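Structure, as structure tokens:
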Amino acid sequence: MTENSNIHWTDDDELLSKYVLHLLDSAEEARLATHLKACEACRIAVTNEQRIIAGTRMAGRTALKERLNARLELNQRAIAGVTPARSNIPWMRVASLAAVFLVLVTVGVYNNWFDANTWNKSEIPEQAVHEQPQQPIETESKENAGPSPDTRTRDDLAALKSSVEKDHSDKNKLRKTEQSTEKGALDKSDDRFAESPSAAPAAAGAELSAGEERKMENEILLTDQATVASPQTFWVEGRIISTETSQRDEKRVQPLAESQGQTNVFRQDPSRLKKDAGQPQQSRMNTTANISLRQMPSFALPAALQRKQSQLGTVQAFIQSQANNIQMTIYLDSPMPDSELQAAGVETIGEDSLILNLPNQRIGYKLPPALQSQVNTKAKR
Amino acid sequence: MNLFFLNEDARILDQIGKGDEEALVKLYQANERQVSAFITRNNGTQDDADDMLQEALVVMWERVRAGRYEHKAKISTFIFAIVKNMWLRRLARTRREIATDMANDPTPSDDSSGLEQLIETEEAGQVASALTSLGDPCRKLLLLYYWEELAMDEIAVQMGFANADTVKSKKYQCKKALEKLLKGFQ
């Protein structure tokens with residue numbers, strides 16, 4: 001290297017490092033070592049470099065040993081299968097609590113499912129009743145009429161009563177669901193209902209002769225089922241007897257008084273419908289029997305009843321009896337004009353049936369036992 | 001059987017070459033029993049055995065990383081040889097210290113290697129401390145160069161520098177920074 005008095009080979013940092021690390025070939029190393037004997041500054045530089053290398057190696061070894069120890073410790077813990085953190089956890093207790101929690105969740109889910117399926121259960125007796133052969137009102141054919149009223153009266157009534165009693169056990173759930181559906185449906189249904197105000201009822205029956213009509217009425221009254229929802233509220237299913245009002249048997253018809261309430265709001269503009277959505281859409285009639293009649297869209301019915309109404313052409317009604325007042329809500333596929341609702345009348349047949357006479361149709365309802373005496377008493381006044 | 005060990009050794013050497021320290025754990029576990037038996041049979045304790053084995057593994061690591069390891073025998077043989085030499089040297093030094101104490105000789109020994117070694121160890125400790133406070137890039141670079149003895153281009157690849165010249169320049173700066181720190185210690 002340079003042998004100038006002011007310049008030393010140790011000034012070359014890389015060469016110095018390689019010399020100390022013994023990375024040079026032996027001849028080069030020997031030549032540089034010879035120079036060191038005569039160069040005090042070079043010896044100091046080499047000593048410094050050796051010190052740095054020794055210190056760096058010490059640091060490297062210490063760090064490597066620490067890492068190795070850490071890895072060994074980790075491996076030993078893994079082999080033992082227990083870490084300090086784990087050993088502090090009472091796994092048996094945790095497992096027990098988890099099992100209890102799981103059981104509670106399962107019971108909760110089951111109960112929730114049970115409640116959610118209440119509707120299905122409440123439908124069962126109604127479906128059972130409808131599975132019994134019935135004659136469609138719209139048809140006049142004797143072949144299609146099924147068993148005659150005489151042959152089926154007692155059995156059918158017994159079946160009907162048993163189904164009503166069964167359904168009575170679910171009355172509370174049914175009532176809650178019905179009322180909430182009734183309210184909720186108002187909000188969403190008015191516009192839709194107003195779209196087809198003049199639509200004809202889906203199951204308008206054919207015109208019948210007086211004799212045949214009487215037979216059909218008997219048939220309906222015998223086969224119609226009345227579902228008791230609670231001691232004060234009832235779901236009753238009505239059959240359309242004819243599409244025109246028969247004014248025969250006038251002595252038993254109690255005409256409803258003139259409407260004193262609001263007009264039929266179903267036919268009014270949507271903005272008002274929304275505003276009045278929370279209010280019952282009714283046309284109150286003051287009758288001698290204190291029967292208030294109001295109408296609701298059929299899609300406000302609970303799903304099961306709505307389905308039944310559309311399939312069988314029935315007219316579901318919800319009766320609320322409080323003190324001397326009876327409020328009857330009929331669920332129609334299309335709204336009824338004010339004039340028709342005002343002209344409605346009530347006709348009682350026997351002790352347990354009621355016919356609602358509307359201007360263009362008659363609807364027969366079999367009343368539940370709890371309501372029969374009340375209606376008849378009022379009707380007799 | 002030999003082929004299996006050779007293959008395992010090759011795998012271990014490859015791991016060390018790549019800087020995988022898990023290889024040291026495998027070597028430790030493979031040689032632990034043999035080293036422990038030797039040390040405890042020769043006046044040592046289990047702690048001595050652990051210490052010796054770790055030292056031997058560090059030497060092994062350094063040699064392989066610096067490319068100064070020659071695979072002439074099984075790795076376990078190499079490690080046991082290192083442990084044996086280190087332990088016997090330590091025993092010899094201890095005996096000498098014991099003998100010196102028993103002689104109760106007040107005159108200092110002519111052998112100055114002990115003192116020099118102590119000074120060297122002290123100085124090395126200072127460098128190690130200064131290196132710790134140097135910061136990560138410089139510390140890593142100096143460790144790779146002086147301890148692992150990697151070439152400049154290898155360091156460039158490992159540390160993401162542009163080329164060997166960059167590493168050379170950076171290493172010079174780091175060394176100067178370290179020397180400055182060391183002056184502060186003195």
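A note on labels: chains of the structure tokens are A, B, ... as shown, every chain counts residues from 1, and ligands are counted from 1 in their shown order.
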Would you kindly report the residues of chain B within 10 Å of chain A, using only C-alpha atoms, as a ChimeraX atom specification? /B:21-26,28-29,50-51,54-55,57-59,61-62,120-132,139-140,142-149,168-169,171-172,175,178-179,182
Using only C-alpha atoms, which protein or nucleic acid residues come within 12 Å of Ala317 of chain A? Drop anything in the same chain fewer than 2 positions from it, and give the result as a PDB file with N, CA and C atoms, in the first residue's frame.
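What landed in out-v2.pdb:
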```pdb
ATOM      1  N   GLU A 178    -103.851 -10.489  16.192  1.00  0.00           N
ATOM      2  CA  GLU A 178    -104.873  -9.910  15.346  1.00  0.00           C
ATOM      3  C   GLU A 178    -104.926  -8.399  15.480  1.00  0.00           C
ATOM      4  N   GLU A 182    -104.092  -5.739  12.705  1.00  0.00           N
ATOM      5  CA  GLU A 182    -105.161  -4.835  12.316  1.00  0.00           C
ATOM      6  C   GLU A 182    -104.655  -3.400  12.265  1.00  0.00           C
ATOM      7  N   GLN A 225    -118.062 -21.581  11.063  1.00  0.00           N
ATOM      8  CA  GLN A 225    -117.440 -21.714  12.374  1.00  0.00           C
ATOM      9  C   GLN A 225    -117.213 -20.334  12.949  1.00  0.00           C
ATOM     10  N   ALA A 226    -117.346 -20.261  14.233  1.00  0.00           N
ATOM     11  CA  ALA A 226    -117.051 -19.017  14.938  1.00  0.00           C
ATOM     12  C   ALA A 226    -115.869 -19.283  15.843  1.00  0.00           C
ATOM     13  N   THR A 227    -114.863 -18.526  15.641  1.00  0.00           N
ATOM     14  CA  THR A 227    -113.654 -18.726  16.414  1.00  0.00           C
ATOM     15  C   THR A 227    -113.637 -17.754  17.564  1.00  0.00           C
ATOM     16  N   VAL A 228    -113.633 -18.285  18.767  1.00  0.00           N
ATOM     17  CA  VAL A 228    -113.642 -17.424  19.935  1.00  0.00           C
ATOM     18  C   VAL A 228    -112.232 -16.955  20.224  1.00  0.00           C
ATOM     19  N   ALA A 229    -112.044 -15.673  20.213  1.00  0.00           N
ATOM     20  CA  ALA A 229    -110.714 -15.146  20.481  1.00  0.00           C
ATOM     21  C   ALA A 229    -110.550 -14.811  21.951  1.00  0.00           C
ATOM     22  N   THR A 233    -114.000 -10.647  22.606  1.00  0.00           N
ATOM     23  CA  THR A 233    -113.712 -10.467  21.186  1.00  0.00           C
ATOM     24  C   THR A 233    -113.837 -11.795  20.460  1.00  0.00           C
ATOM     25  N   PHE A 234    -114.352 -11.726  19.247  1.00  0.00           N
ATOM     26  CA  PHE A 234    -114.609 -12.956  18.501  1.00  0.00           C
ATOM     27  C   PHE A 234    -114.275 -12.744  17.032  1.00  0.00           C
ATOM     28  N   TRP A 235    -113.751 -13.775  16.459  1.00  0.00           N
ATOM     29  CA  TRP A 235    -113.623 -13.808  14.999  1.00  0.00           C
ATOM     30  C   TRP A 235    -114.758 -14.657  14.478  1.00  0.00           C
ATOM     31  N   VAL A 236    -115.504 -14.133  13.561  1.00  0.00           N
ATOM     32  CA  VAL A 236    -116.575 -14.934  12.959  1.00  0.00           C
ATOM     33  C   VAL A 236    -116.411 -14.906  11.455  1.00  0.00           C
ATOM     34  N   GLU A 237    -116.815 -16.000  10.867  1.00  0.00           N
ATOM     35  CA  GLU A 237    -116.624 -16.134   9.419  1.00  0.00           C
ATOM     36  C   GLU A 237    -117.991 -16.087   8.738  1.00  0.00           C
ATOM     37  N   GLY A 238    -118.131 -15.172   7.844  1.00  0.00           N
ATOM     38  CA  GLY A 238    -119.418 -15.021   7.190  1.00  0.00           C
ATOM     39  C   GLY A 238    -119.414 -15.573   5.774  1.00  0.00           C
ATOM     40  N   ARG A 239    -120.581 -16.067   5.405  1.00  0.00           N
ATOM     41  CA  ARG A 239    -120.758 -16.574   4.049  1.00  0.00           C
ATOM     42  C   ARG A 239    -121.664 -15.629   3.276  1.00  0.00           C
ATOM     43  N   LEU A 293    -121.037  -0.793  13.023  1.00  0.00           N
ATOM     44  CA  LEU A 293    -120.468  -1.531  11.887  1.00  0.00           C
ATOM     45  C   LEU A 293    -119.350  -0.707  11.278  1.00  0.00           C
ATOM     46  N   ARG A 294    -118.285  -1.339  11.028  1.00  0.00           N
ATOM     47  CA  ARG A 294    -117.192  -0.649  10.337  1.00  0.00           C
ATOM     48  C   ARG A 294    -116.546  -1.625   9.379  1.00  0.00           C
ATOM     49  N   GLN A 295    -115.822  -1.065   8.460  1.00  0.00           N
ATOM     50  CA  GLN A 295    -115.202  -1.932   7.462  1.00  0.00           C
ATOM     51  C   GLN A 295    -113.688  -1.738   7.463  1.00  0.00           C
ATOM     52  N   MET A 296    -113.027  -2.788   7.089  1.00  0.00           N
ATOM     53  CA  MET A 296    -111.569  -2.779   6.983  1.00  0.00           C
ATOM     54  C   MET A 296    -111.186  -3.500   5.702  1.00  0.00           C
ATOM     55  N   PRO A 297    -110.049  -3.175   5.137  1.00  0.00           N
ATOM     56  CA  PRO A 297    -109.599  -3.916   3.946  1.00  0.00           C
ATOM     57  C   PRO A 297    -109.234  -5.345   4.318  1.00  0.00           C
ATOM     58  N   SER A 298    -109.489  -6.227   3.415  1.00  0.00           N
ATOM     59  CA  SER A 298    -109.258  -7.640   3.723  1.00  0.00           C
ATOM     60  C   SER A 298    -107.776  -7.948   3.946  1.00  0.00           C
ATOM     61  N   ALA A 300    -105.904  -6.378   5.690  1.00  0.00           N
ATOM     62  CA  ALA A 300    -105.528  -6.074   7.065  1.00  0.00           C
ATOM     63  C   ALA A 300    -105.731  -7.283   7.968  1.00  0.00           C
ATOM     64  N   LEU A 301    -106.305  -8.328   7.385  1.00  0.00           N
ATOM     65  CA  LEU A 301    -106.531  -9.550   8.162  1.00  0.00           C
ATOM     66  C   LEU A 301    -105.217 -10.254   8.469  1.00  0.00           C
ATOM     67  N   PRO A 302    -105.209 -11.047   9.511  1.00  0.00           N
ATOM     68  CA  PRO A 302    -104.067 -11.937   9.710  1.00  0.00           C
ATOM     69  C   PRO A 302    -103.922 -12.835   8.483  1.00  0.00           C
ATOM     70  N   LEU A 305    -106.276 -15.870   8.005  1.00  0.00           N
ATOM     71  CA  LEU A 305    -107.673 -15.530   7.710  1.00  0.00           C
ATOM     72  C   LEU A 305    -107.803 -14.881   6.334  1.00  0.00           C
ATOM     73  N   GLN A 306    -106.795 -14.108   5.998  1.00  0.00           N
ATOM     74  CA  GLN A 306    -106.811 -13.450   4.683  1.00  0.00           C
ATOM     75  C   GLN A 306    -106.789 -14.499   3.567  1.00  0.00           C
ATOM     76  N   GLN A 309    -110.108 -16.250   3.430  1.00  0.00           N
ATOM     77  CA  GLN A 309    -111.135 -15.394   2.827  1.00  0.00           C
ATOM     78  C   GLN A 309    -111.021 -15.369   1.316  1.00  0.00           C
ATOM     79  N   THR A 314    -115.195 -16.118   1.743  1.00  0.00           N
ATOM     80  CA  THR A 314    -115.916 -15.761   2.965  1.00  0.00           C
ATOM     81  C   THR A 314    -115.665 -14.292   3.293  1.00  0.00           C
ATOM     82  N   VAL A 315    -116.407 -13.800   4.280  1.00  0.00           N
ATOM     83  CA  VAL A 315    -116.170 -12.438   4.752  1.00  0.00           C
ATOM     84  C   VAL A 315    -115.916 -12.518   6.255  1.00  0.00           C
ATOM     85  N   ILE A 319    -115.672  -9.215  16.030  1.00  0.00           N
ATOM     86  CA  ILE A 319    -116.706  -8.644  16.889  1.00  0.00           C
ATOM     87  C   ILE A 319    -116.124  -8.358  18.265  1.00  0.00           C
ATOM     88  N   GLN A 320    -116.352  -7.146  18.704  1.00  0.00           N
ATOM     89  CA  GLN A 320    -115.941  -6.763  20.057  1.00  0.00           C
ATOM     90  C   GLN A 320    -117.197  -6.407  20.827  1.00  0.00           C
ATOM     91  N   GLN A 327    -119.362  -4.034  18.562  1.00  0.00           N
ATOM     92  CA  GLN A 327    -118.715  -3.422  17.392  1.00  0.00           C
ATOM     93  C   GLN A 327    -118.322  -4.537  16.436  1.00  0.00           C
ATOM     94  N   MET A 328    -118.789  -4.408  15.221  1.00  0.00           N
ATOM     95  CA  MET A 328    -118.532  -5.457  14.236  1.00  0.00           C
ATOM     96  C   MET A 328    -117.699  -4.863  13.102  1.00  0.00           C
ATOM     97  N   THR A 329    -116.560  -5.468  12.878  1.00  0.00           N
ATOM     98  CA  THR A 329    -115.685  -5.008  11.805  1.00  0.00           C
ATOM     99  C   THR A 329    -115.668  -6.070  10.719  1.00  0.00           C
ATOM    100  N   ILE A 330    -116.128  -5.678   9.544  1.00  0.00           N
ATOM    101  CA  ILE A 330    -116.108  -6.646   8.442  1.00  0.00           C
ATOM    102  C   ILE A 330    -114.922  -6.336   7.534  1.00  0.00           C
ATOM    103  N   TYR A 331    -114.320  -7.378   7.040  1.00  0.00           N
ATOM    104  CA  TYR A 331    -113.125  -7.241   6.205  1.00  0.00           C
ATOM    105  C   TYR A 331    -113.519  -7.510   4.758  1.00  0.00           C
ATOM    106  N   LEU A 332    -113.443  -6.457   3.967  1.00  0.00           N
ATOM    107  CA  LEU A 332    -113.927  -6.543   2.583  1.00  0.00           C
ATOM    108  C   LEU A 332    -112.763  -6.467   1.603  1.00  0.00           C
ATOM    109  N   LEU A 354    -126.768 -14.572  12.557  1.00  0.00           N
ATOM    110  CA  LEU A 354    -127.013 -13.169  12.234  1.00  0.00           C
ATOM    111  C   LEU A 354    -126.725 -12.986  10.747  1.00  0.00           C
ATOM    112  N   LEU A 356    -126.127 -10.091   7.934  1.00  0.00           N
ATOM    113  CA  LEU A 356    -125.840  -8.674   7.702  1.00  0.00           C
ATOM    114  C   LEU A 356    -126.360  -8.335   6.312  1.00  0.00           C
ATOM    115  N   ILE A 363    -124.728 -11.320   4.111  1.00  0.00           N
ATOM    116  CA  ILE A 363    -123.648 -12.132   4.663  1.00  0.00           C
ATOM    117  C   ILE A 363    -124.140 -12.764   5.949  1.00  0.00           C
ATOM    118  N   GLY A 364    -124.032 -14.095   6.002  1.00  0.00           N
ATOM    119  CA  GLY A 364    -124.497 -14.814   7.173  1.00  0.00           C
ATOM    120  C   GLY A 364    -123.369 -15.135   8.130  1.00  0.00           C
ATOM    121  N   TYR A 365    -123.601 -14.919   9.407  1.00  0.00           N
ATOM    122  CA  TYR A 365    -122.601 -15.212  10.438  1.00  0.00           C
ATOM    123  C   TYR A 365    -123.205 -16.092  11.500  1.00  0.00           C
ATOM    124  N   LYS A 366    -122.481 -17.106  11.877  1.00  0.00           N
ATOM    125  CA  LYS A 366    -122.912 -17.885  13.049  1.00  0.00           C
ATOM    126  C   LYS A 366    -122.212 -17.279  14.252  1.00  0.00           C
ATOM    127  N   LEU A 367    -123.004 -16.959  15.247  1.00  0.00           N
ATOM    128  CA  LEU A 367    -122.451 -16.267  16.403  1.00  0.00           C
ATOM    129  C   LEU A 367    -121.935 -17.259  17.429  1.00  0.00           C
TER     130      LEU A 367
END
```
Non-local contacts of Met152 of chain B (9 Å; only C-alpha atoms; under 6 positions in same chain excluded) as a list in words: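 Near Met152 of chain B, the qualifying residues are Tyr145, Asn163, Ala164, Asp165, Thr166, Val167 and Lys168 of chain B.
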I need the residue nearest Ser133 of chain B from this list: B:Leu13, B:Leu181, B:Leu150, B:Leu118. Use only C-alpha atoms for the distance.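 Of B:Leu13, B:Leu181, B:Leu150, B:Leu118, the one nearest Ser133 of chain B is B:Leu181, counting only C-alpha atoms.
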Nearest to Ala33 of chain A among A:Ser353, A:Thr10, A:Asn360, A:Asn112, with distances taken over only C-alpha atoms: which residue is it?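 For Ala33 of chain A, the nearest of the candidates is A:Thr10.
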Would you mind listing what lies within 9 Å of Asn325 of chain A as a ChimeraX atom specification, with only C-alpha atoms counted and same-chain residues fewer than 5 positions away left out? /A:289-292,320
Write a file of the selected residues as a CSV table (one decimal), in the first residue's frame, keeping C-alpha atoms.
```csv
chain,number,residue,atom,x,y,z
A,289,ALA,CA,-129.1,-3.3,19.1
A,290,ASN,CA,-126.2,-0.9,19.6
A,291,ILE,CA,-124.3,-2.5,16.8
A,292,SER,CA,-121.5,-0.4,15.3
A,320,GLN,CA,-115.9,-6.8,20.1
```
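One finds atom CA of Leu15 of chain A at 10.0 Å from atom CA of Glu29 of chain A.
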